[in-house]
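Participant: Structure: data13.tsv, TSV, C-alpha atoms and all ligand atoms.
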chain	number	residue	atom	x	y	z
Q	118	MET	CA	2.27	147.27	101.78
Q	119	LYS	CA	1.91	147.89	98.05
Q	120	THR	CA	-1.62	148.69	96.91
Q	121	VAL	CA	-3.62	147.84	93.80
Q	122	ASP	CA	-6.34	150.01	92.34
Q	123	VAL	CA	-8.50	149.86	89.23
Q	124	CYS	CA	-9.48	152.86	87.11
Q	125	LEU	CA	-12.52	151.72	85.17
Q	126	SER	CA	-12.29	154.36	82.44
Q	127	PRO	CA	-9.59	156.68	81.07
Q	128	ASP	CA	-12.02	159.55	81.71
Q	129	LEU	CA	-11.57	158.91	85.45
Q	130	ILE	CA	-7.78	158.95	85.36
Q	131	HIS	CA	-7.63	162.54	86.70
Q	132	LEU	CA	-8.73	161.07	90.06
Q	133	TYR	CA	-5.53	159.03	90.34
Q	134	ASP	CA	-1.88	159.93	90.76
Q	135	VAL	CA	0.04	157.71	88.35
Q	136	THR	CA	3.43	159.28	89.00
Q	137	ASP	CA	4.27	156.84	91.80
Q	138	LYS	CA	2.69	153.76	90.27
Q	139	VAL	CA	3.11	151.03	87.72
Q	140	VAL	CA	0.15	151.29	85.36
Q	141	VAL	CA	-1.17	148.23	83.57
Q	142	VAL	CA	-3.15	149.35	80.53
Q	143	VAL	CA	-5.83	146.95	79.37
Q	144	ASP	CA	-8.03	146.90	76.29
Q	145	ILE	CA	-9.00	143.26	75.95
Q	146	LEU	CA	-11.11	143.84	72.80
Q	147	ARG	CA	-8.72	144.35	71.20
Q	148	ALA	CA	-5.86	146.84	71.38
Q	149	THR	CA	-3.71	145.40	74.17
Q	150	SER	CA	-4.42	141.84	72.98
Q	151	CYS	CA	-3.12	142.89	69.55
Q	152	MET	CA	-0.03	144.55	71.01
Q	153	THR	CA	0.79	141.45	73.03
Q	154	THR	CA	0.23	139.20	70.02
Q	155	GLY	CA	2.33	141.35	67.71
Q	156	LEU	CA	5.31	141.60	70.02
Q	157	ALA	CA	5.12	137.88	70.82
Q	158	ASN	CA	5.12	137.12	67.10
Q	159	GLY	CA	8.24	139.10	66.23
Q	160	VAL	CA	7.08	142.70	65.71
Q	161	LYS	CA	10.10	144.84	66.64
Q	162	SER	CA	8.21	147.64	68.38
Q	163	ILE	CA	4.77	149.20	68.58
Q	164	THR	CA	4.40	152.96	68.91
Q	165	PRO	CA	0.93	154.04	70.10
Q	166	PHE	CA	-0.71	157.28	68.95
Q	167	GLU	CA	-3.93	158.86	70.13
Q	168	ASN	CA	-4.03	161.01	67.01
Q	169	LEU	CA	-4.77	159.36	63.67
Q	170	GLU	CA	-2.89	161.84	61.49
Q	171	ARG	CA	0.26	161.61	63.60
Q	172	CYS	CA	0.11	157.84	63.33
Q	173	GLU	CA	-0.36	157.99	59.56
Q	174	GLN	CA	2.71	160.22	59.23
Q	175	MET	CA	4.87	157.40	60.59
Q	176	LYS	CA	4.43	155.56	57.26
Q	177	SER	CA	6.97	157.91	55.69
Q	178	ARG	CA	9.44	156.98	58.45
Q	179	GLY	CA	9.35	153.31	57.53
Q	180	TYR	CA	6.70	152.10	59.98
Q	181	LEU	CA	3.79	149.85	59.18
Q	182	ILE	CA	0.68	151.76	60.25
Q	183	ALA	CA	-2.20	150.12	62.09
Q	184	GLY	CA	-5.46	151.99	62.55
Q	185	GLU	CA	-8.91	151.29	63.98
Q	186	ARG	CA	-11.91	153.52	64.49
Q	187	ASN	CA	-15.24	152.17	65.69
Q	188	GLY	CA	-14.01	148.61	65.27
Q	189	GLN	CA	-13.03	148.97	61.65
Q	190	LYS	CA	-9.68	149.22	59.93
Q	191	VAL	CA	-8.86	152.77	58.85
Q	192	ASP	CA	-8.77	153.11	55.05
Q	193	GLY	CA	-5.26	153.15	53.65
Q	194	PHE	CA	-3.63	151.71	56.79
Q	195	ASP	CA	-1.53	148.52	56.58
Q	196	LEU	CA	-3.17	146.76	59.52
Q	197	GLY	CA	-6.45	146.87	61.35
Q	198	ASN	CA	-6.94	145.88	64.97
Q	199	SER	CA	-7.24	142.11	64.81
Q	200	PRO	CA	-4.71	139.94	66.64
Q	201	PHE	CA	-4.60	137.81	63.48
Q	202	ASP	CA	-3.27	140.84	61.52
Q	203	TYR	CA	-0.32	140.80	63.89
Q	204	MET	CA	0.52	137.15	63.21
Q	205	LYS	CA	1.23	137.65	59.52
Q	206	ASP	CA	4.73	137.10	58.22
Q	207	HIS	CA	5.09	140.60	56.77
Q	208	VAL	CA	4.86	142.23	60.23
Q	209	LYS	CA	7.80	140.26	61.68
Q	210	GLY	CA	10.80	142.47	62.40
Q	211	GLU	CA	8.83	145.62	61.57
Q	212	ARG	CA	8.11	148.72	63.64
Q	213	VAL	CA	4.39	149.38	63.86
Q	214	ALA	CA	2.67	152.69	64.62
Q	215	VAL	CA	-0.86	152.19	65.92
Q	216	THR	CA	-3.92	154.26	66.70
Q	217	THR	CA	-7.18	152.88	68.12
Q	218	THR	CA	-10.41	154.31	69.52
Q	219	ASN	CA	-9.69	153.63	73.21
Q	220	GLY	CA	-6.55	151.57	73.85
Q	221	THR	CA	-4.01	154.06	72.58
Q	222	VAL	CA	-5.86	156.85	74.41
Q	223	ALA	CA	-5.45	154.95	77.68
Q	224	ILE	CA	-1.74	154.48	77.02
Q	225	GLU	CA	-1.35	158.19	76.31
Q	226	LYS	CA	-3.00	159.01	79.64
Q	227	SER	CA	-0.58	156.71	81.51
Q	228	ARG	CA	2.64	158.18	80.26
Q	229	LYS	CA	3.61	159.84	83.55
Q	230	ALA	CA	3.60	156.51	85.42
Q	231	ILE	CA	6.81	155.01	86.78
Q	232	GLU	CA	6.25	152.19	84.32
Q	233	VAL	CA	3.54	151.40	81.75
Q	234	VAL	CA	2.86	147.72	81.12
Q	235	ILE	CA	0.50	146.19	78.56
Q	236	GLY	CA	-1.90	143.62	79.97
Q	237	SER	CA	-4.20	141.10	78.32
Q	238	PHE	CA	-5.50	137.62	79.10
Q	239	LEU	CA	-2.87	136.43	76.61
Q	240	ASN	CA	-0.04	137.40	79.02
Q	241	ILE	CA	-1.84	137.75	82.35
Q	242	SER	CA	0.44	135.48	84.43
Q	243	THR	CA	3.59	137.19	83.17
Q	244	VAL	CA	2.11	140.57	84.08
Q	245	ALA	CA	1.03	139.27	87.50
Q	246	ASN	CA	4.48	137.85	88.26
Q	247	HIS	CA	6.12	141.10	87.24
Q	248	LEU	CA	3.82	143.12	89.52
Q	249	LYS	CA	4.49	140.79	92.44
Q	250	ASN	CA	8.26	141.00	91.95
Q	251	GLN	CA	8.51	144.78	91.94
Q	252	GLN	CA	8.07	147.30	94.79
Q	253	GLN	CA	5.57	149.89	93.49
Q	254	SER	CA	1.83	150.19	93.94
Q	255	VAL	CA	-0.20	149.35	90.85
Q	256	LEU	CA	-3.05	150.93	88.93
Q	257	ILE	CA	-4.91	148.85	86.36
Q	258	LEU	CA	-6.31	151.24	83.77
Q	259	CYS	CA	-9.24	149.92	81.74
Q	260	ALA	CA	-9.56	151.48	78.27
Q	261	GLY	CA	-13.36	151.10	78.25
Q	262	TRP	CA	-15.33	152.45	75.32
Q	263	LYS	CA	-15.32	156.19	74.62
Q	264	GLY	CA	-15.08	157.01	78.31
Q	265	LYS	CA	-17.64	154.45	79.43
Q	266	VAL	CA	-16.97	151.35	81.54
Q	267	ASN	CA	-16.90	148.02	79.73
Q	268	LEU	CA	-17.24	144.44	80.90
Q	269	GLU	CA	-14.19	142.78	79.37
Q	270	ASP	CA	-11.59	145.22	80.70
Q	271	SER	CA	-13.22	145.24	84.13
Q	272	LEU	CA	-13.20	141.42	84.25
Q	273	PHE	CA	-9.55	141.33	83.24
Q	274	ALA	CA	-8.80	143.81	86.04
Q	275	GLY	CA	-10.58	141.47	88.44
Q	276	ALA	CA	-8.64	138.46	87.17
Q	277	LEU	CA	-5.33	140.28	87.59
Q	278	VAL	CA	-6.26	141.48	91.08
Q	279	ASP	CA	-7.14	137.90	91.94
Q	280	LEU	CA	-3.65	136.73	90.89
Q	281	ILE	CA	-1.70	139.35	92.84
Q	282	LEU	CA	-3.90	139.78	95.90
Q	283	GLY	CA	-1.62	138.25	98.57
Q	284	ASP	CA	1.06	140.83	97.75
Q	285	PHE	CA	-1.18	143.93	97.56
Q	286	ASP	CA	-3.83	145.74	99.61
Q	287	TYR	CA	-6.90	147.22	97.94
Q	288	GLU	CA	-6.49	150.98	97.46
Q	289	THR	CA	-10.24	151.57	96.88
Q	290	ASP	CA	-13.36	149.46	96.31
Q	291	ALA	CA	-12.82	149.20	92.55
Q	292	PRO	CA	-10.44	146.20	92.73
Q	293	LEU	CA	-12.84	144.52	95.14
Q	294	LEU	CA	-15.72	145.07	92.73
Q	295	ALA	CA	-13.72	143.93	89.70
Q	296	ARG	CA	-12.51	140.79	91.46
Q	297	ALA	CA	-16.00	139.87	92.69
Q	298	SER	CA	-17.35	140.26	89.13
Q	299	TYR	CA	-14.54	138.15	87.73
Q	300	LEU	CA	-15.01	135.38	90.29
Q	301	ASN	CA	-18.71	135.38	89.51
Q	302	MET	CA	-18.21	135.04	85.74
Q	303	LYS	CA	-14.88	133.26	85.36
Q	304	ASP	CA	-16.23	129.78	84.62
Q	305	ASP	CA	-18.18	131.10	81.65
Q	306	LEU	CA	-16.02	133.98	80.50
Q	307	LEU	CA	-16.58	133.71	76.75
Q	308	ARG	CA	-20.36	133.56	77.04
Q	309	GLN	CA	-20.39	136.41	79.55
Q	310	ILE	CA	-18.21	138.61	77.39
Q	311	GLN	CA	-20.25	137.72	74.29
Q	312	GLN	CA	-23.03	139.69	75.98
Q	313	SER	CA	-20.88	142.80	76.35
Q	314	SER	CA	-21.63	145.85	74.27
Q	315	HIS	CA	-18.31	145.71	72.45
Q	316	ALA	CA	-18.57	141.99	71.65
Q	317	ARG	CA	-21.99	142.70	70.14
Q	318	ARG	CA	-20.47	145.58	68.17
Q	319	LEU	CA	-17.67	143.31	66.90
Q	320	ASN	CA	-20.11	140.48	66.13
Q	321	LYS	CA	-21.96	142.84	63.79
Q	322	LEU	CA	-18.63	143.33	62.01
Q	323	ASP	CA	-18.22	139.54	61.88
Q	324	ILE	CA	-15.17	139.51	64.15
Q	325	VAL	CA	-16.19	136.51	66.24
Q	326	MET	CA	-12.83	134.67	66.17
Q	327	ASP	CA	-11.01	137.69	67.58
Q	328	ILE	CA	-13.11	137.62	70.74
Q	329	ALA	CA	-12.38	133.96	71.51
Q	330	PHE	CA	-8.67	134.49	70.82
Q	331	CYS	CA	-8.44	137.57	73.05
Q	332	LEU	CA	-9.82	135.54	75.97
Q	333	LYS	CA	-7.16	132.82	75.74
Q	334	ARG	CA	-5.17	132.79	78.93
Q	335	ASP	CA	-1.37	132.76	78.97
Q	336	GLU	CA	-0.90	132.20	75.27
Q	337	TYR	CA	2.32	134.25	75.58
Q	338	ASP	CA	4.86	134.88	78.33
Q	339	ILE	CA	5.97	138.35	77.32
Q	340	LEU	CA	5.83	141.69	79.14
Q	341	PRO	CA	5.35	144.64	76.75
Q	342	ARG	CA	6.53	147.89	78.34
Q	343	LEU	CA	6.44	151.50	77.16
Q	344	VAL	CA	9.93	152.92	76.94
Q	345	GLU	CA	10.41	156.37	75.39
Q	346	GLY	CA	7.06	156.16	73.64
Q	347	GLU	CA	7.64	152.71	72.21
Q	348	LEU	CA	6.29	149.33	73.31
Q	349	THR	CA	8.88	146.57	73.28
Q	350	ILE	CA	9.57	143.36	75.18
P	401	LIG	O1	-10.75	150.95	71.12
P	401	LIG	C1	-9.78	150.26	70.90
P	401	LIG	O2	-8.66	150.55	71.27
P	401	LIG	C2	-9.99	149.01	70.09
P	401	LIG	O3	-9.39	147.94	70.71
P	401	LIG	C3	-11.42	148.79	69.74
P	401	LIG	S1	-11.68	147.52	68.62
P	401	LIG	O4	-11.75	146.23	69.30
P	401	LIG	O5	-10.68	147.48	67.60
P	401	LIG	O6	-12.99	147.79	68.01
How would this structure read if it were set down as structure tokens?
Facilitator:
Amino acid sequence: MKTVDVCLSPDLIHLYDVTDKVVVVVDILRATSCMTTGLANGVKSITPFENLERCEQMKSRGYLIAGERNGQKVDGFDLGNSPFDYMKDHVKGERVAVTTTNGTVAIEKSRKAIEVVIGSFLNISTVANHLKNQQQSVLILCAGWKGKVNLEDSLFAGALVDLILGDFDYETDAPLLARASYLNMKDDLLRQIQQSSHARRLNKLDIVMDIAFCLKRDEYDILPRLVEGELTI
């Protein structure tokens, strides 16, 4: 039977073999929520970069550049890391190059997977259906915060495990732990995630609306996938 596992931080990815798995990368606040929103709202493609300078260079190749460090938009970049940035008319039809503190790092570390899929609450059912309908084992990679575990990505992992469980066995205890946490908090998700370290960080930056939006379930029915370094649907 196919298995599902959860890697709670990109710094733990060396413990997993991704080469025979589909990897679902998740950064609920806010990178993968932004990517899902952008592609659902007509962005042509999103190219993730771990390195800020390499991302910035894409401007000269006709890309819009999106950059976030420590929750804030990078000076001189076209977009920050709010899902609302990705709903604006001027991003429709454009190619976007993006760099963020954790999300794009997690994508970079997944590149050797059979397939890299972008997950968020905004497209969770579409991701779950895709995983159920394919034959490979799955690793859910949480972007966390600078190598540390975070609540929102772990809860998303638990929610996704809960949706696909009948079709997958647990590979380790991490999916069991994530699912139990999700089931414990699911009826009060916004309030629970408001207590998370990153929500508190974003609240200080006055980014309250982003958090509520990123927790909306099934706002979109798209499946962003990484093909030759580019996320498209
Ligand atoms: O680290 C990331 O990839 C970002 O999503 C963090 S933030 O929500 O933009 O602060």
Participant: If you measure from CA of Cys151 in chain Q to atom O4 of ligand LIG 401 (chain P), what distance in Å do you get, rounded to one decimal?
Facilitator: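 So the two atoms, CA of Cys151 in chain Q and atom O4 of ligand LIG 401 (chain P), lie 9.3 Å apart.
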Participant: In Å, rounded to a single decimal, give me how far CA of Asp290 in chain Q is from CA of Leu146 in chain Q.
Facilitator: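 Value for the CA of Leu146 in chain Q-CA of Asp290 in chain Q distance: 24.3 Å.
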Participant: State, in Å with one decimal place, the distance from CA of Pro200 in chain Q to CA of Ser313 in chain Q.
Facilitator: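 So the answer is 19.1 Å.
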Participant: Residues within 9 Å of ligand LIG 401 (chain P) (all atoms listed in the file), as a PyMOL selection string?
Facilitator: chain Q and resi 144-151+184-190+197-199+216-223+260-263+315-316+318-319+327-328
Participant: Choose the residue, out of Q:Arg317, Q:Lys265, Q:Arg308, Q:Lys249, that has the smallest atom-to-atom separation from Val278 in chain Q; count all atoms listed in the file.
Facilitator: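 Using all atoms listed in the file, Val278 in chain Q sits closest to Q:Lys249.
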Participant: List every protein, DNA or RNA residue that has an atom no more than 9 Å from (4.2, 152.2, 64.8) in the file's coordinate frame, counting all atoms listed in the file, and report them as an MDAnalysis selection string.
Facilitator: chainID Q and resid 162:166 172 175:176 179:183 211:216 347
Participant: Write a file of the just-selected residues containing C-alpha atoms, as a compact mmCIF listing (two decimals), in the coordinates of the input.
Facilitator:
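Listed below is the output, again15.txt:
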# COMPACT_ATOMS: atom_id res chain seq x y z
CA SER Q 162 8.21 147.64 68.38
CA ILE Q 163 4.77 149.20 68.58
CA THR Q 164 4.40 152.96 68.91
CA PRO Q 165 0.93 154.04 70.10
CA PHE Q 166 -0.71 157.28 68.95
CA CYS Q 172 0.11 157.84 63.33
CA MET Q 175 4.87 157.40 60.59
CA LYS Q 176 4.43 155.56 57.26
CA GLY Q 179 9.35 153.31 57.53
CA TYR Q 180 6.70 152.10 59.98
CA LEU Q 181 3.79 149.85 59.18
CA ILE Q 182 0.68 151.76 60.25
CA ALA Q 183 -2.20 150.12 62.09
CA GLU Q 211 8.83 145.62 61.57
CA ARG Q 212 8.11 148.72 63.64
CA VAL Q 213 4.39 149.38 63.86
CA ALA Q 214 2.67 152.69 64.62
CA VAL Q 215 -0.86 152.19 65.92
CA THR Q 216 -3.92 154.26 66.70
CA GLU Q 347 7.64 152.71 72.21
Participant: Determine, using all atoms listed in the file, which residues of range 151-219 of chain Q have any atom at most 10 Å from an atom of range 334-342 of chain Q, and tabulate each with its shortest atom pair and distance in Å to one decimal place, rows ordered by chain and then rising number, as a Markdown table.
Facilitator:
| residue | atom | partner | partner_atom | distance |
| --- | --- | --- | --- | --- |
| Q:Met152 | CA | Q:Pro341 | CA | 7.9 |
| Q:Thr153 | CA | Q:Pro341 | CA | 6.7 |
| Q:Thr154 | CA | Q:Tyr337 | CA | 7.7 |
| Q:Leu156 | CA | Q:Pro341 | CA | 7.4 |
| Q:Ala157 | CA | Q:Ile339 | CA | 6.6 |
| Q:Asn158 | CA | Q:Tyr337 | CA | 9.4 |
| Q:Ser162 | CA | Q:Pro341 | CA | 9.3 |
| Q:Ile163 | CA | Q:Pro341 | CA | 9.4 |
Participant: Mind dumping the selected residues with C-alpha atoms as a CSV table (one decimal), in the frame of the given file?
Facilitator:
chain,number,residue,atom,x,y,z
Q,152,MET,CA,0.0,144.6,71.0
Q,153,THR,CA,0.8,141.4,73.0
Q,154,THR,CA,0.2,139.2,70.0
Q,156,LEU,CA,5.3,141.6,70.0
Q,157,ALA,CA,5.1,137.9,70.8
Q,158,ASN,CA,5.1,137.1,67.1
Q,162,SER,CA,8.2,147.6,68.4
Q,163,ILE,CA,4.8,149.2,68.6
Participant: Using only C-alpha atoms, give me every residue within 12 Å of (-16.4, 141.2, 90.7) in file coordinates, as a PyMOL selection string.
Facilitator: chain Q and resi 123+268-279+290-303
Participant: Given the selection you just returned, output its residues as a file containing C-alpha atoms, formatted as a PDB file, keeping the file's coordinate frame.
Facilitator:
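The new file result06.pdb reads:
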ATOM      1  CA  VAL Q 123      -8.500 149.860  89.230  1.00  0.00           C
ATOM      2  CA  LEU Q 268     -17.240 144.440  80.900  1.00  0.00           C
ATOM      3  CA  GLU Q 269     -14.190 142.780  79.370  1.00  0.00           C
ATOM      4  CA  ASP Q 270     -11.590 145.220  80.700  1.00  0.00           C
ATOM      5  CA  SER Q 271     -13.220 145.240  84.130  1.00  0.00           C
ATOM      6  CA  LEU Q 272     -13.200 141.420  84.250  1.00  0.00           C
ATOM      7  CA  PHE Q 273      -9.550 141.330  83.240  1.00  0.00           C
ATOM      8  CA  ALA Q 274      -8.800 143.810  86.040  1.00  0.00           C
ATOM      9  CA  GLY Q 275     -10.580 141.470  88.440  1.00  0.00           C
ATOM     10  CA  ALA Q 276      -8.640 138.460  87.170  1.00  0.00           C
ATOM     11  CA  LEU Q 277      -5.330 140.280  87.590  1.00  0.00           C
ATOM     12  CA  VAL Q 278      -6.260 141.480  91.080  1.00  0.00           C
ATOM     13  CA  ASP Q 279      -7.140 137.900  91.940  1.00  0.00           C
ATOM     14  CA  ASP Q 290     -13.360 149.460  96.310  1.00  0.00           C
ATOM     15  CA  ALA Q 291     -12.820 149.200  92.550  1.00  0.00           C
ATOM     16  CA  PRO Q 292     -10.440 146.200  92.730  1.00  0.00           C
ATOM     17  CA  LEU Q 293     -12.840 144.520  95.140  1.00  0.00           C
ATOM     18  CA  LEU Q 294     -15.720 145.070  92.730  1.00  0.00           C
ATOM     19  CA  ALA Q 295     -13.720 143.930  89.700  1.00  0.00           C
ATOM     20  CA  ARG Q 296     -12.510 140.790  91.460  1.00  0.00           C
ATOM     21  CA  ALA Q 297     -16.000 139.870  92.690  1.00  0.00           C
ATOM     22  CA  SER Q 298     -17.350 140.260  89.130  1.00  0.00           C
ATOM     23  CA  TYR Q 299     -14.540 138.150  87.730  1.00  0.00           C
ATOM     24  CA  LEU Q 300     -15.010 135.380  90.290  1.00  0.00           C
ATOM     25  CA  ASN Q 301     -18.710 135.380  89.510  1.00  0.00           C
ATOM     26  CA  MET Q 302     -18.210 135.040  85.740  1.00  0.00           C
ATOM     27  CA  LYS Q 303     -14.880 133.260  85.360  1.00  0.00           C
TER      28      LYS Q 303
END
Participant: From the options Q:Asn240, Q:Asn320, Q:Ser254, Q:Asn246, which residue's atoms come nearest to Leu332 in chain Q, counting all atoms listed in the file?
Facilitator: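 For Leu332 in chain Q, the nearest of the candidates is Q:Asn240.
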Participant: With a distance cut-off of 8 Å and all atoms listed in the file, select the neighbouring residues of Lys119 in chain Q, excluding the residue or stretch itself and same-chain residues fewer than 4 positions from it, and output the selection as a list in words.
Facilitator: Gln252, Gln253, Ser254, Val255, Asp284, Phe285 and Asp286 of chain Q
Participant: What would the file look like if the residues just selected were written as a compact mmCIF listing (two decimals), keeping the file's coordinate frame with C-alpha atoms?
Facilitator:
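Result file is again11.txt:
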# COMPACT_ATOMS: atom_id res chain seq x y z
CA GLN Q 252 8.07 147.30 94.79
CA GLN Q 253 5.57 149.89 93.49
CA SER Q 254 1.83 150.19 93.94
CA VAL Q 255 -0.20 149.35 90.85
CA ASP Q 284 1.06 140.83 97.75
CA PHE Q 285 -1.18 143.93 97.56
CA ASP Q 286 -3.83 145.74 99.61
Participant: Between Q:Leu129, Q:Leu196, Q:Val140, Q:Leu307, which is the closest to Phe330 in chain Q once you count only C-alpha atoms?
Facilitator: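 Comparing Q:Leu129, Q:Leu196, Q:Val140, Q:Leu307 against Phe330 in chain Q, the winner is Q:Leu307.
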Participant: Report as number ranges by chain all protein, DNA and RNA residues lying within 7 Å of Val142 in chain Q, evaluated on only C-alpha atoms, omitting residues in the same chain fewer than 4 positions from it.
Facilitator: Q: 223-224, 234-236, 257-259
Participant: Restricting the output to C-alpha atoms, write the selected residues as a CSV table (one decimal), in the coordinates of the input.
Facilitator:
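The result, stored in selection-v3.csv:
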chain,number,residue,atom,x,y,z
Q,223,ALA,CA,-5.4,155.0,77.7
Q,224,ILE,CA,-1.7,154.5,77.0
Q,234,VAL,CA,2.9,147.7,81.1
Q,235,ILE,CA,0.5,146.2,78.6
Q,236,GLY,CA,-1.9,143.6,80.0
Q,257,ILE,CA,-4.9,148.8,86.4
Q,258,LEU,CA,-6.3,151.2,83.8
Q,259,CYS,CA,-9.2,149.9,81.7
Participant: Using all atoms listed in the file, find the one residue out of Q:Lys161, Q:Gln311, Q:Asn250, Q:Leu239 that sits nearest to Ile324 in chain Q.
Facilitator: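 Using all atoms listed in the file, Ile324 in chain Q sits closest to Q:Gln311.
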Participant: Which residue, Q:Val139, Q:Cys124, Q:Val160, Q:Leu282, has the smallest gap to Met204 in chain Q when you use only C-alpha atoms?
Facilitator: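 The closest residue to Met204 in chain Q is Q:Val160.
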Participant: Between Q:Asn267, Q:Ser242, Q:Thr349, Q:Gln174, which one has atoms that come closest to Pro127 in chain Q, using all atoms listed in the file?
Facilitator: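 Among the listed residues, Q:Asn267 lies closest to Pro127 in chain Q.
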Participant: Could I get range 204-227 of chain Q rebuilt with N, CA and C atoms, written as a short mmCIF file (atom, residue, chain, number, x, y, z; two decimals), keeping the file's coordinate frame?
Facilitator:
data_model
loop_
_atom_site.label_atom_id
_atom_site.label_comp_id
_atom_site.auth_asym_id
_atom_site.auth_seq_id
_atom_site.Cartn_x
_atom_site.Cartn_y
_atom_site.Cartn_z
N MET Q 204 -0.17 138.45 63.29
CA MET Q 204 0.52 137.15 63.21
C MET Q 204 1.10 136.93 61.81
N LYS Q 205 0.82 137.86 60.91
CA LYS Q 205 1.23 137.65 59.52
C LYS Q 205 2.74 137.83 59.36
N ASP Q 206 3.28 137.09 58.41
CA ASP Q 206 4.73 137.10 58.22
C ASP Q 206 5.28 138.51 57.95
N HIS Q 207 4.53 139.31 57.19
CA HIS Q 207 5.09 140.60 56.77
C HIS Q 207 5.21 141.61 57.92
N VAL Q 208 4.67 141.29 59.11
CA VAL Q 208 4.86 142.23 60.23
C VAL Q 208 6.10 141.89 61.08
N LYS Q 209 6.62 140.69 60.88
CA LYS Q 209 7.80 140.26 61.68
C LYS Q 209 8.98 141.20 61.44
N GLY Q 210 9.61 141.61 62.52
CA GLY Q 210 10.80 142.47 62.40
C GLY Q 210 10.49 143.92 62.09
N GLU Q 211 9.21 144.26 61.94
CA GLU Q 211 8.83 145.62 61.57
C GLU Q 211 8.51 146.46 62.81
N ARG Q 212 8.62 147.78 62.64
CA ARG Q 212 8.11 148.72 63.64
C ARG Q 212 6.70 149.12 63.21
N VAL Q 213 5.79 149.08 64.16
CA VAL Q 213 4.39 149.38 63.86
C VAL Q 213 3.97 150.62 64.64
N ALA Q 214 3.31 151.55 63.95
CA ALA Q 214 2.67 152.69 64.62
C ALA Q 214 1.18 152.41 64.64
N VAL Q 215 0.54 152.60 65.80
CA VAL Q 215 -0.86 152.19 65.92
C VAL Q 215 -1.72 153.28 66.57
N THR Q 216 -2.93 153.41 66.05
CA THR Q 216 -3.92 154.26 66.70
C THR Q 216 -5.24 153.51 66.77
N THR Q 217 -5.90 153.56 67.96
CA THR Q 217 -7.18 152.88 68.12
C THR Q 217 -8.14 153.81 68.88
N THR Q 218 -9.39 153.42 68.93
CA THR Q 218 -10.41 154.31 69.52
C THR Q 218 -10.15 154.55 71.01
N ASN Q 219 -9.81 153.51 71.74
CA ASN Q 219 -9.69 153.63 73.21
C ASN Q 219 -8.33 153.22 73.78
N GLY Q 220 -7.77 152.13 73.26
CA GLY Q 220 -6.55 151.57 73.85
C GLY Q 220 -5.38 152.54 73.81
N THR Q 221 -5.16 153.16 72.68
CA THR Q 221 -4.01 154.06 72.58
C THR Q 221 -4.25 155.35 73.37
N VAL Q 222 -5.52 155.69 73.56
CA VAL Q 222 -5.86 156.85 74.41
C VAL Q 222 -5.46 156.56 75.85
N ALA Q 223 -5.79 155.35 76.30
CA ALA Q 223 -5.45 154.95 77.68
C ALA Q 223 -3.93 154.95 77.88
N ILE Q 224 -3.20 154.48 76.89
CA ILE Q 224 -1.74 154.48 77.02
C ILE Q 224 -1.23 155.91 77.13
N GLU Q 225 -1.76 156.78 76.28
CA GLU Q 225 -1.35 158.19 76.31
C GLU Q 225 -1.56 158.79 77.70
N LYS Q 226 -2.67 158.44 78.33
CA LYS Q 226 -3.00 159.01 79.64
C LYS Q 226 -2.18 158.40 80.78
N SER Q 227 -1.39 157.39 80.48
CA SER Q 227 -0.58 156.71 81.51
C SER Q 227 0.87 157.12 81.48
#
